[in-house]
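Novice: Just so it is clear, I am handing over entry32.tsv, which has TSV, C-alpha atoms and all ligand atoms.
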chain	number	residue	atom	x	y	z
X	1419	MET	CA	-19.32	-1.87	-8.34
X	1420	ASP	CA	-20.15	1.61	-7.09
X	1421	ALA	CA	-18.95	4.44	-4.81
X	1422	THR	CA	-18.49	2.01	-1.91
X	1423	THR	CA	-16.03	0.00	-4.02
X	1424	ILE	CA	-13.90	3.14	-4.40
X	1425	THR	CA	-14.01	4.17	-0.73
X	1426	THR	CA	-13.24	0.59	0.32
X	1427	TRP	CA	-10.38	0.43	-2.20
X	1428	MET	CA	-8.85	3.65	-0.80
X	1429	ARG	CA	-9.23	2.38	2.79
X	1430	GLU	CA	-7.57	-0.91	1.85
X	1431	ILE	CA	-4.67	0.99	0.23
X	1432	ASP	CA	-4.35	3.15	3.36
X	1433	ALA	CA	-4.21	0.03	5.57
X	1434	ALA	CA	-1.72	-1.74	3.26
X	1435	VAL	CA	0.75	1.15	2.95
X	1436	ARG	CA	0.64	1.67	6.73
X	1437	THR	CA	1.49	-2.00	7.29
X	1438	GLU	CA	4.25	-1.86	4.66
X	1439	ARG	CA	5.50	1.65	5.44
X	1440	ASP	CA	8.86	0.60	6.87
X	1441	HIS	CA	9.45	-1.87	4.04
X	1442	LEU	CA	8.71	0.83	1.44
X	1443	VAL	CA	11.03	3.24	3.28
X	1444	GLN	CA	13.81	0.63	3.27
X	1445	LEU	CA	13.37	-0.09	-0.45
X	1446	ASP	CA	13.49	3.65	-1.24
X	1447	ALA	CA	16.46	4.19	1.11
X	1448	ALA	CA	18.42	1.63	-0.96
X	1449	ILE	CA	17.90	3.28	-4.38
X	1450	GLY	CA	16.22	6.62	-3.66
X	1451	ASP	CA	15.78	9.05	-0.79
X	1452	GLY	CA	13.87	6.87	1.68
X	1453	ASP	CA	10.57	8.75	1.67
X	1454	HIS	CA	8.32	6.44	-0.36
X	1455	GLY	CA	6.65	4.77	2.63
X	1456	THR	CA	5.92	8.06	4.36
X	1457	ASN	CA	4.77	9.63	1.08
X	1458	MET	CA	2.23	6.86	0.46
X	1459	VAL	CA	0.97	6.84	4.06
X	1460	ARG	CA	0.57	10.63	4.13
X	1461	GLY	CA	-1.19	10.60	0.76
X	1462	PHE	CA	-3.70	7.82	1.34
X	1463	GLU	CA	-4.45	8.95	4.89
X	1464	ALA	CA	-5.45	12.30	3.37
X	1465	VAL	CA	-7.44	10.53	0.63
X	1466	VAL	CA	-9.49	8.56	3.17
X	1467	GLN	CA	-10.20	11.76	5.11
X	1468	ALA	CA	-11.16	13.67	1.95
X	1469	LEU	CA	-13.56	10.91	0.85
X	1470	GLU	CA	-15.18	10.81	4.28
X	1471	ALA	CA	-15.67	14.58	4.18
X	1472	ALA	CA	-17.06	14.43	0.63
X	1473	GLY	CA	-20.02	12.22	1.56
X	1474	GLU	CA	-22.15	10.67	-1.18
X	1475	GLN	CA	-20.66	11.17	-4.65
X	1476	PRO	CA	-20.53	9.02	-7.79
X	1477	PRO	CA	-17.47	6.72	-8.01
X	1478	GLY	CA	-15.79	8.75	-10.77
X	1479	LYS	CA	-15.99	11.92	-8.69
X	1480	LEU	CA	-14.48	10.09	-5.70
X	1481	LEU	CA	-11.54	8.92	-7.81
X	1482	ILE	CA	-10.97	12.46	-9.07
X	1483	LEU	CA	-11.03	13.79	-5.51
X	1484	ALA	CA	-8.62	11.03	-4.42
X	1485	GLY	CA	-6.24	11.97	-7.24
X	1486	ARG	CA	-6.39	15.67	-6.44
X	1487	THR	CA	-5.71	14.91	-2.80
X	1488	LEU	CA	-2.61	12.85	-3.65
X	1489	VAL	CA	-1.21	15.62	-5.83
X	1490	SER	CA	-1.65	18.17	-3.07
X	1491	THR	CA	-0.31	16.07	-0.18
X	1492	VAL	CA	2.57	14.04	-1.66
X	1493	GLY	CA	5.75	15.85	-2.62
X	1494	GLY	CA	7.60	12.89	-4.18
X	1495	ALA	CA	7.27	11.61	-7.74
X	1496	SER	CA	4.64	9.08	-6.68
X	1497	GLY	CA	2.11	11.79	-5.66
X	1498	PRO	CA	1.67	13.47	-9.05
X	1499	LEU	CA	1.95	10.12	-10.85
X	1500	TRP	CA	-0.74	8.29	-8.84
X	1501	GLY	CA	-2.70	11.54	-8.50
X	1502	SER	CA	-3.00	11.98	-12.25
X	1503	ALA	CA	-3.70	8.25	-12.62
X	1504	LEU	CA	-6.71	8.34	-10.28
X	1505	ARG	CA	-8.01	11.56	-11.82
X	1506	SER	CA	-7.82	10.08	-15.33
X	1507	GLY	CA	-9.47	6.88	-14.13
X	1508	GLY	CA	-12.25	8.89	-12.49
X	1509	ARG	CA	-12.92	10.89	-15.64
X	1510	VAL	CA	-13.66	7.64	-17.50
X	1511	LEU	CA	-16.62	7.01	-15.18
X	1512	GLY	CA	-18.15	10.49	-15.47
X	1513	ASP	CA	-21.25	10.69	-13.25
X	1514	ASP	CA	-22.24	7.02	-13.56
X	1515	PRO	CA	-23.52	5.69	-10.22
X	1516	SER	CA	-22.09	2.22	-10.87
X	1517	PHE	CA	-19.63	0.52	-13.22
X	1518	ASP	CA	-18.99	-2.94	-14.65
X	1519	GLY	CA	-15.89	-4.96	-15.48
X	1520	GLY	CA	-15.48	-3.36	-18.90
X	1521	GLN	CA	-15.51	0.11	-17.33
X	1522	LEU	CA	-13.05	-1.03	-14.67
X	1523	VAL	CA	-10.66	-2.08	-17.47
X	1524	ASN	CA	-11.03	1.42	-18.97
X	1525	VAL	CA	-10.40	3.09	-15.59
X	1526	LEU	CA	-7.22	1.10	-15.01
X	1527	ALA	CA	-6.05	1.59	-18.61
X	1528	ALA	CA	-6.57	5.36	-18.30
X	1529	ALA	CA	-4.64	5.38	-15.01
X	1530	LEU	CA	-1.72	3.55	-16.65
X	1531	ALA	CA	-1.77	5.82	-19.72
X	1532	SER	CA	-1.65	8.86	-17.50
X	1533	ILE	CA	1.35	7.57	-15.51
X	1534	LYS	CA	3.17	6.74	-18.74
X	1535	ASP	CA	2.37	10.15	-20.26
X	1536	LEU	CA	3.55	12.06	-17.24
X	1537	GLY	CA	6.58	9.95	-16.32
X	1538	THR	CA	7.55	8.72	-19.82
X	1539	ALA	CA	8.50	5.31	-18.35
X	1540	ALA	CA	7.99	2.01	-20.16
X	1541	VAL	CA	8.04	-1.56	-18.86
X	1542	GLY	CA	11.65	-2.43	-18.02
X	1543	ASP	CA	12.60	1.03	-16.74
X	1544	LYS	CA	12.25	-0.20	-13.10
X	1545	THR	CA	9.26	1.91	-12.03
X	1546	MET	CA	5.64	1.50	-10.96
X	1547	VAL	CA	4.84	0.86	-14.65
X	1548	ASP	CA	6.52	-2.57	-14.32
X	1549	ALA	CA	3.79	-3.58	-11.85
X	1550	LEU	CA	0.82	-1.67	-13.26
X	1551	GLU	CA	1.08	-2.50	-16.97
X	1552	PRO	CA	1.01	-6.31	-16.54
X	1553	ALA	CA	-1.90	-5.88	-14.09
X	1554	VAL	CA	-3.91	-3.85	-16.61
X	1555	ASP	CA	-3.07	-6.35	-19.37
X	1556	ALA	CA	-4.21	-9.23	-17.14
X	1557	VAL	CA	-7.51	-7.65	-16.14
X	1558	ARG	CA	-8.27	-6.67	-19.74
X	1559	ALA	CA	-7.52	-10.19	-21.03
X	1560	ARG	CA	-9.55	-11.95	-18.34
X	1561	ILE	CA	-12.58	-9.64	-18.62
X	1562	GLY	CA	-12.35	-10.07	-22.42
X	1563	ASP	CA	-12.51	-13.85	-21.92
X	1564	GLY	CA	-15.67	-13.47	-19.84
X	1565	ALA	CA	-14.09	-14.03	-16.40
X	1566	SER	CA	-15.74	-12.52	-13.30
X	1567	VAL	CA	-14.38	-9.19	-12.08
X	1568	ALA	CA	-13.16	-10.94	-8.90
X	1569	ASP	CA	-11.17	-13.52	-10.89
X	1570	ALA	CA	-9.83	-10.89	-13.30
X	1571	VAL	CA	-8.61	-8.62	-10.50
X	1572	ALA	CA	-7.11	-11.58	-8.62
X	1573	ASP	CA	-5.02	-12.33	-11.72
X	1574	ALA	CA	-4.13	-8.65	-12.02
X	1575	ALA	CA	-2.85	-8.58	-8.43
X	1576	GLN	CA	-0.70	-11.64	-9.12
X	1577	ALA	CA	0.61	-10.03	-12.32
X	1578	ALA	CA	1.48	-6.84	-10.43
X	1579	GLU	CA	3.41	-8.83	-7.81
X	1580	ASP	CA	5.28	-10.72	-10.53
X	1581	GLY	CA	6.11	-7.40	-12.22
X	1582	MET	CA	7.25	-5.97	-8.88
X	1583	ARG	CA	9.68	-8.87	-8.33
X	1584	ALA	CA	10.88	-8.59	-11.93
X	1585	THR	CA	12.22	-5.08	-11.15
X	1586	ILE	CA	14.98	-6.54	-8.91
X	1587	PRO	CA	17.54	-7.36	-11.65
X	1588	LEU	CA	16.74	-4.22	-13.68
X	1589	GLN	CA	18.77	-1.03	-13.90
X	1590	ALA	CA	16.58	2.04	-13.26
X	1591	ARG	CA	16.12	4.35	-16.24
X	1592	LYS	CA	13.61	6.80	-14.70
X	1593	GLY	CA	13.26	8.68	-11.43
X	1594	ARG	CA	15.76	9.13	-8.62
X	1595	ALA	CA	16.99	5.51	-8.77
X	1596	SER	CA	18.30	6.14	-12.30
X	1597	TYR	CA	20.98	8.45	-10.83
X	1598	LEU	CA	22.57	5.31	-9.32
X	1599	GLY	CA	23.13	3.69	-12.71
X	1600	GLU	CA	24.28	0.08	-12.31
X	1601	ARG	CA	24.07	0.36	-8.52
X	1602	SER	CA	20.27	0.26	-8.81
X	1603	VAL	CA	20.51	-3.37	-9.96
X	1604	GLY	CA	19.59	-5.98	-7.34
X	1605	HIS	CA	16.97	-3.89	-5.52
X	1606	GLN	CA	13.18	-4.07	-5.81
X	1607	ASP	CA	11.61	-0.81	-6.98
X	1608	PRO	CA	9.64	0.91	-4.19
X	1609	GLY	CA	6.98	2.35	-6.53
X	1610	ALA	CA	6.39	-1.05	-8.16
X	1611	THR	CA	6.04	-2.48	-4.66
X	1612	SER	CA	3.37	0.03	-3.55
X	1613	THR	CA	1.62	-0.42	-6.91
X	1614	ALA	CA	1.31	-4.16	-6.24
X	1615	LEU	CA	-0.25	-3.23	-2.86
X	1616	ILE	CA	-2.70	-0.90	-4.66
X	1617	VAL	CA	-3.84	-3.63	-7.05
X	1618	ARG	CA	-4.09	-6.20	-4.23
X	1619	ALA	CA	-6.19	-3.63	-2.30
X	1620	LEU	CA	-8.58	-3.40	-5.27
X	1621	GLN	CA	-9.01	-7.17	-5.16
X	1622	LYS	CA	-9.86	-6.95	-1.45
X	1623	ALA	CA	-12.34	-4.13	-2.08
X	1624	ILE	CA	-14.11	-6.10	-4.80
X	1625	GLY	CA	-14.22	-9.17	-2.55
X	1626	GLN	CA	-16.11	-7.11	0.04
X	1627	GLY	CA	-18.64	-5.77	-2.50
T	1	LIG	P1	10.73	10.44	-5.10
T	1	LIG	O1	11.48	9.57	-6.07
T	1	LIG	O2	10.45	11.81	-5.66
T	1	LIG	O3	11.34	10.47	-3.74
T	1	LIG	P2	8.83	8.44	-4.21
T	1	LIG	O4	9.95	7.93	-3.39
T	1	LIG	O5	7.54	8.65	-3.50
T	1	LIG	O6	9.26	9.77	-4.97
T	1	LIG	O7	8.52	7.43	-5.40
T	1	LIG	C1	9.54	6.72	-6.05
T	1	LIG	C2	8.93	5.80	-7.08
T	1	LIG	O8	8.29	6.55	-8.10
T	1	LIG	C3	9.94	4.94	-7.81
T	1	LIG	O9	10.22	3.76	-7.08
T	1	LIG	C4	9.27	4.67	-9.14
T	1	LIG	O10	8.48	3.47	-9.10
T	1	LIG	C5	8.32	5.83	-9.30
T	1	LIG	N1	8.80	6.72	-10.36
T	1	LIG	C6	9.75	7.66	-10.28
T	1	LIG	N2	9.89	8.30	-11.46
T	1	LIG	C7	8.99	7.74	-12.30
T	1	LIG	C8	8.63	7.94	-13.69
T	1	LIG	N3	9.23	8.88	-14.43
T	1	LIG	N4	7.65	7.17	-14.20
T	1	LIG	C9	7.02	6.24	-13.46
T	1	LIG	N5	7.31	5.99	-12.17
T	1	LIG	C10	8.29	6.72	-11.61
T	2	MG	MG	11.63	8.75	-2.64
Turn the structure described in the file into structure tokens.

Specialist:
Amino acid sequence: MDATTITTWMREIDAAVRTERDHLVQLDAAIGDGDHGTNMVRGFEAVVQALEAAGEQPPGKLLILAGRTLVSTVGGASGPLWGSALRSGGRVLGDDPSFDGGQLVNVLAAALASIKDLGTAAVGDKTMVDALEPAVDAVRARIGDGASVADAVADAAQAAEDGMRATIPLQARKGRASYLGERSVGHQDPGATSTALIVRALQKAIGQG
């Protein structure tokens, strides 16, 4: 995996959040303020443009640029959270021109740690962490068992989607949805939903590599 994996991943996220924009807006309208779809589309559109303008750069630098771009273009909670996640992930890679499965595990683990540090959410709080943490656990376990990166990330995408669906019966304890108390129960978390798209997009990017 190399810089192309990162640019393809960001393009796949951009395409996925565009396709799912209205769905993400509806989910956020139910338990938040209805801007999650537009936030994600605005952010990843800007990321794709920034990466195109940046030209040839090592993959870690591209991730850092992507993170910075999200922070500066997305006003909602998801911008700083995913922005710091991608920046932390990028720092793991330094200036390396390519990376392997073990490094990918470290990138994703750093991204998760950064989201948890900044947002102080744990699994079960009905946030993006409910999708991302099981995905990181899955990829780490599969790479540890000697699976291919493609198989490991396929399992991670499945785990993220399972985690996303598991947010439906939960009561939100972080973010805007927590203001609703028990009324947040019965709705799928928008940030967990876009996170599942982000992990599925990584699988697509790796499949093209
Ligand atoms: P906002 O809530 O500011 O309008 P978005 O609508 O873009 O921002 O994003 C909402 C999503 O952000 C939620 O569905 C949730 O997954 C995630 N989120 C909110 N607060 C936190 C937090 N403290 N930690 C982790 N994720 C969070
Ligand atoms: Mg919102």

Novice: Which polymer residues have any atom within 12 Å of an atom of Glu1470 (chain X), counting all atoms listed in the file, with same-chain residues fewer than 3 positions away left out, as a list in words?

Specialist: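 Final neighbour list, sorted by chain and number: Ala1421, Thr1422, Ile1424, Thr1425, Thr1426, Met1428, Arg1429, Glu1463, Ala1464, Val1465, Val1466, Gln1467, Gly1473, Glu1474, Gln1475, Leu1480, Leu1483 and Ala1484 of chain X.
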
Novice: Looking at X:Met1458, X:Ile1561, X:Ala1578, X:Val1567, which one is nearest to ligand LIG 1 (chain T), with distances taken over all atoms listed in the file?

Specialist: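 Counting all atoms listed in the file, the residue closest to ligand LIG 1 (chain T) is X:Met1458.
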
Novice: 10 Å from ligand LIG 1 (chain T) is the threshold here; counting all atoms listed in the file, which polymer residues fall inside it? Answer as a VMD selection string.

Specialist: chain X and resid 1442 to 1443 1445 to 1447 1449 to 1458 1461 1492 to 1500 1530 1532 to 1541 1543 to 1549 1582 1585 1590 to 1596 1606 to 1613

Novice: Which distance in Å separates CA of Ala1472 (chain X) and CA of Ala1623 (chain X), to one decimal?

Specialist: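 So the two atoms, CA of Ala1472 (chain X) and CA of Ala1623 (chain X), lie 19.3 Å apart.
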
Novice: CA of Gly1507 (chain X) and CA of Thr1423 (chain X), how far apart in Å?

Specialist: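 Here the two named atoms are 13.9 Å from each other.
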
Novice: Please return as number ranges by chain every residue within 9 Å of (-17.4, 4.4, -19.9), taking into account all atoms listed in the file and the file's own coordinates.

Specialist: X: 1509-1512, 1514, 1517, 1520-1522, 1524-1525

Novice: Could you check how far CA of Val1554 (chain X) sits from CA of Ser1502 (chain X), in Å to one decimal?

Specialist: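 Separating CA of Val1554 (chain X) from CA of Ser1502 (chain X) is a distance of 16.4 Å.
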
Novice: Let me make sure I understand: among X:Arg1436, X:Gln1576, X:Gln1444, X:His1605, which one has the smallest atom-to-atom distance to ligand MG 2 (chain T) if we use all atoms listed in the file?

Specialist: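 Using all atoms listed in the file, ligand MG 2 (chain T) sits closest to X:Gln1444.
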
Novice: Just checking: using all atoms listed in the file, which residue out of X:Ala1448, X:Ala1434, X:Ala1468, X:Leu1488 ends up closest to ligand MG 2 (chain T)?

Specialist: X:Ala1448
